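Worksheet for the structure shown next.
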Protein chains: 2
Amino acid sequence: MKKALAIDVGGTKIYNAIINENGEIIGEIEKHHTPKTFTEIEQQFKEIINKHENDVDIIAFSTCGEVNNENTKIVGSTGNIAKEYPTMAFSSLSTKPVFVENDANCAAWAEYKIGASKGTATSVMVTFGTGVGGGIIINKHLFKGKSGAAGAMHFKMYPDQRRQCTCGGWDCFEIYTSGPGLTKTAIEITKNPDITTYDIFDGVNKKDAQMIEIYNRWHSDIIAGFIGLANLFDPECIVLSGSLAQFVDTQLVEQKVNKEIVTSPTKIYKATAGNYSGMIGAALLAFGKGDLNG
Amino acid sequence: MKKALAIDVGGTKIYNAIINENGEIIGEIEKHHTPKTFTEIEQQFKEIINKHENDVDIIAFSTCGEVNNENTKIVGSTGNIAKEYPTMAFSSLSTKPVFVENDANCAAWAEYKIGASKGTATSVMVTFGTGVGGGIIINKHLFKGKSGAAGAMHFKMYPDQRRQCTCGGWDCFEIYTSGPGLTKTAIEITKNPDITTYDIFDGVNKKDAQMIEIYNRWHSDIIAGFIGLANLFDPECIVLSGSLAQFVDTQLVEQKVNKEIVTSPTKIYKATAGNYSGMIGAALLAFGKGDLNG
């Protein structure tokens, strides 16, 4: 059975593990802090690859940033990582083949192959964390679009410039439903500039009326966005992942979404492929032939 | 060369024509008023089919309403046509094979095969008229979703219930950018309940400041929606069709959309496949093998 060295690259942490064709993690998961500079990041990649490349058939990166349709490099900017990171020449890092894909797309693929959307043909995965990521499976292929960036969850919640998003645009779904987006809503409602997402979820547990109001607003925003996704993609399911997914009332979301859409009912699931779904999806995509449809 | 009897079914008119594999209309285009009752509509279909079925290889319907993935029947409701219309047994209308597809999907396919999006792999077509329809081509296949309804342009412009859409939902793109949507905006701004889209476009020509304000608001709404579509689908182009497309400043829309998206630039085109693109697309899809990807 083939093996991949999977490397997950985020703004704060880099993980690596060896993964087989069943999507099983073989041996230990190694964890590193993401260095500040491009040169240090490249050096970190080389150390990981030198240590493991002789034991595997392919190197599979699951990375922040959108990745081109050739799966060789980052396109566009990536936010919370060294600004030269998109210039990384991934293929020159190893003598083995190197495959690169966006982390949300990888996680969506892992959910489709071994997780919550297994057995469906068309699904949308949305990750709620520091940002909001998306990965879309259409007719059993990862949907990439013309430049690899399809599935960017930057559609507008308002047309009239209320909150600027981290992407530079205005009022994207991300800036209302990510952790920072939820915090902005909470600050608007409480006028407390120091409120955190912890305060909100803790307050909901303690039945604090204002925290419940904020929590409900967050759900309304998620539901509003999902109604659009369900009407545009007519998916079998929408899968929620990321650190905030655990706080979402998926039963409520599913009920409200299906009450308002013009397409047929969709299921709302929480992700089940685990914390390392990015690495698993990257490995499974790297092994696959024809899994990407441009 | 194969020929199809194409029949376009709208809420007010039914057209039919014979179309060949090049998408060329052979002979005359016949036009009928859409009858009020289901029985009369069925009778009209039978008359058209009896007259022409011996001259063609297949019957191809381009119809209002979403159509299932087997291309045999309508799914869901269809708005401005006899309420029993979705129960039409299309395949029993002829001894020849009968193919059925949604009219916006057919028009999108015509644009892809012979019109504005020809040569692209991924495109979004949006029709602006009494409603707003959508047809999406992904990797050279018509994107249908799980039940055939993908591409419904019912994503929200606001999350907080301002205008109810004809679909029953709230604040859909359609209810801001269709003809009736634009009229609603105009009534809100002018407080004149009798204003028409003609008044608006005529006023813009005459440089009326208030009509220009309404026109600009309509463009802002279209741009807001297209930013979401461009980020979600990363298409090579967005094609505008329908009776209102002629009034859209595509150059302005393209510039504003590309300024704000996180994906790579998209082109904004007006449709070029003509007024009968629905029939042409239906015929070309009916001839095609594997053109639909569920």
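For the structure tokens, the naming scheme is as follows: chains receive sequential letters (A, B, ...) according to their order of presentation, residues are indexed from 1 within each chain, and ligands are indexed from 1 in presentation order.
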
Residues of chain A within 8 Å of chain B, only C-alpha atoms counted, as a PyMOL selection string: chain A and resi 76+121-122+138-139+144-159+167-169+220-221+224-225+227-229+231-236+260-264+293-294

Considering only C-alpha atoms, return as a PDB file with all heavy atoms, in the first residue's frame whatever protein or nucleic-acid residues lie within 8 Å of Lys46 in chain A, sequence-local ones (same chain, fewer than 3 positions apart) excluded.
ATOM      1  N   GLU A  42      10.796  27.272   4.957  1.00  0.00           N
ATOM      2  CA  GLU A  42      11.383  26.375   3.953  1.00  0.00           C
ATOM      3  C   GLU A  42      12.326  25.373   4.626  1.00  0.00           C
ATOM      4  O   GLU A  42      12.335  24.181   4.306  1.00  0.00           O
ATOM      5  CB  GLU A  42      12.135  27.207   2.910  1.00  0.00           C
ATOM      6  CG  GLU A  42      12.568  26.415   1.702  1.00  0.00           C
ATOM      7  CD  GLU A  42      13.326  27.294   0.706  1.00  0.00           C
ATOM      8  OE1 GLU A  42      14.080  28.207   1.154  1.00  0.00           O
ATOM      9  OE2 GLU A  42      13.176  27.077  -0.505  1.00  0.00           O
ATOM     10  N   GLN A  43      13.129  25.868   5.586  1.00  0.00           N
ATOM     11  CA  GLN A  43      14.065  25.011   6.313  1.00  0.00           C
ATOM     12  C   GLN A  43      13.303  23.936   7.104  1.00  0.00           C
ATOM     13  O   GLN A  43      13.692  22.762   7.112  1.00  0.00           O
ATOM     14  CB  GLN A  43      14.928  25.880   7.252  1.00  0.00           C
ATOM     15  CG  GLN A  43      16.089  25.145   7.892  1.00  0.00           C
ATOM     16  CD  GLN A  43      16.978  24.455   6.850  1.00  0.00           C
ATOM     17  OE1 GLN A  43      17.233  24.995   5.780  1.00  0.00           O
ATOM     18  NE2 GLN A  43      17.412  23.229   7.164  1.00  0.00           N
ATOM     19  N   ILE A  49      10.940  16.711   5.483  1.00  0.00           N
ATOM     20  CA  ILE A  49      11.013  15.872   4.274  1.00  0.00           C
ATOM     21  C   ILE A  49      12.260  14.995   4.299  1.00  0.00           C
ATOM     22  O   ILE A  49      12.188  13.783   3.993  1.00  0.00           O
ATOM     23  CB  ILE A  49      10.933  16.760   3.008  1.00  0.00           C
ATOM     24  CG1 ILE A  49       9.500  17.318   2.881  1.00  0.00           C
ATOM     25  CG2 ILE A  49      11.328  15.981   1.757  1.00  0.00           C
ATOM     26  CD1 ILE A  49       9.330  18.392   1.833  1.00  0.00           C
ATOM     27  N   ASN A  50      13.397  15.559   4.677  1.00  0.00           N
ATOM     28  CA  ASN A  50      14.636  14.754   4.752  1.00  0.00           C
ATOM     29  C   ASN A  50      14.470  13.557   5.691  1.00  0.00           C
ATOM     30  O   ASN A  50      14.977  12.468   5.426  1.00  0.00           O
ATOM     31  CB  ASN A  50      15.812  15.615   5.230  1.00  0.00           C
ATOM     32  CG  ASN A  50      16.311  16.529   4.131  1.00  0.00           C
ATOM     33  OD1 ASN A  50      16.025  16.298   2.956  1.00  0.00           O
ATOM     34  ND2 ASN A  50      17.034  17.582   4.508  1.00  0.00           N
ATOM     35  N   LEU A  93      11.379  20.708  -3.134  1.00  0.00           N
ATOM     36  CA  LEU A  93      11.712  20.367  -1.745  1.00  0.00           C
ATOM     37  C   LEU A  93      12.046  18.887  -1.574  1.00  0.00           C
ATOM     38  O   LEU A  93      12.590  18.488  -0.548  1.00  0.00           O
ATOM     39  CB  LEU A  93      10.531  20.708  -0.818  1.00  0.00           C
ATOM     40  CG  LEU A  93      10.187  22.203  -0.667  1.00  0.00           C
ATOM     41  CD1 LEU A  93       8.864  22.356   0.086  1.00  0.00           C
ATOM     42  CD2 LEU A  93      11.303  22.946   0.058  1.00  0.00           C
ATOM     43  N   SER A  94      11.703  18.069  -2.560  1.00  0.00           N
ATOM     44  CA  SER A  94      11.897  16.625  -2.411  1.00  0.00           C
ATOM     45  C   SER A  94      12.234  15.986  -3.747  1.00  0.00           C
ATOM     46  O   SER A  94      11.884  16.524  -4.812  1.00  0.00           O
ATOM     47  CB  SER A  94      10.621  15.989  -1.849  1.00  0.00           C
ATOM     48  OG  SER A  94      10.750  14.582  -1.778  1.00  0.00           O
TER      49      SER A  94
END

Per-residue DSSP, range 129-206 of chain B, filtered to strand (DSSP E or B), as a list in words: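 The strand (DSSP E or B) subset of range 129-206 of chain B is Val132, Gly133, Gly134, Gly135, Ile136, Ile137, Ile138, His141, Leu142, Lys156, Gln164, Trp170 and Cys172 of chain B.
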
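The residue that comes closest to Tyr15 in chain B, out of B:Ala209, B:Ile48, B:Ala107, B:Cys165 and on the basis of only C-alpha atoms, is B:Ile48.
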
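If you look at CA of Ala186 in chain A and CA of Lys13 in chain A, they are 27.7 Å away from each other.
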
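Considering the residues A:Ile137, A:Thr183, A:Phe247, A:Gly281 and counting only C-alpha atoms, Asn102 in chain A has its shortest atom-to-atom contact with A:Gly281.
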
Contacts of Met279 in chain B within 10 Å, only C-alpha atoms, excl. fewer than 4 positions in-chain, as a PyMOL selection string: chain B and resi 4-9+15-19+23+25+60-63+101+103+106-107+110+275+283-285

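With distances restricted to only C-alpha atoms, A:Pro97 is the closest residue to Ile58 in chain A from A:Gly119, A:Gly133, A:Pro97, A:Pro193.
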
One-decimal distance in Å that lies between CA of Arg163 in chain B and CA of Ser178 in chain B: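 Calculated distance between CA of Ser178 in chain B and CA of Arg163 in chain B is 13.0 Å.
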
A:Tyr198, A:Gln164, A:Met211, A:Ala273 ranked by distance to Ser117 in chain A, top pick (using only C-alpha atoms):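 Between A:Tyr198, A:Gln164, A:Met211, A:Ala273, the residue approaching Ser117 in chain A most closely is A:Ala273.
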
Two-atom distance - CA of Gly11 in chain B, CA of Lys83 in chain B (Å):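 CA of Lys83 in chain B lies 11.0 Å from CA of Gly11 in chain B.
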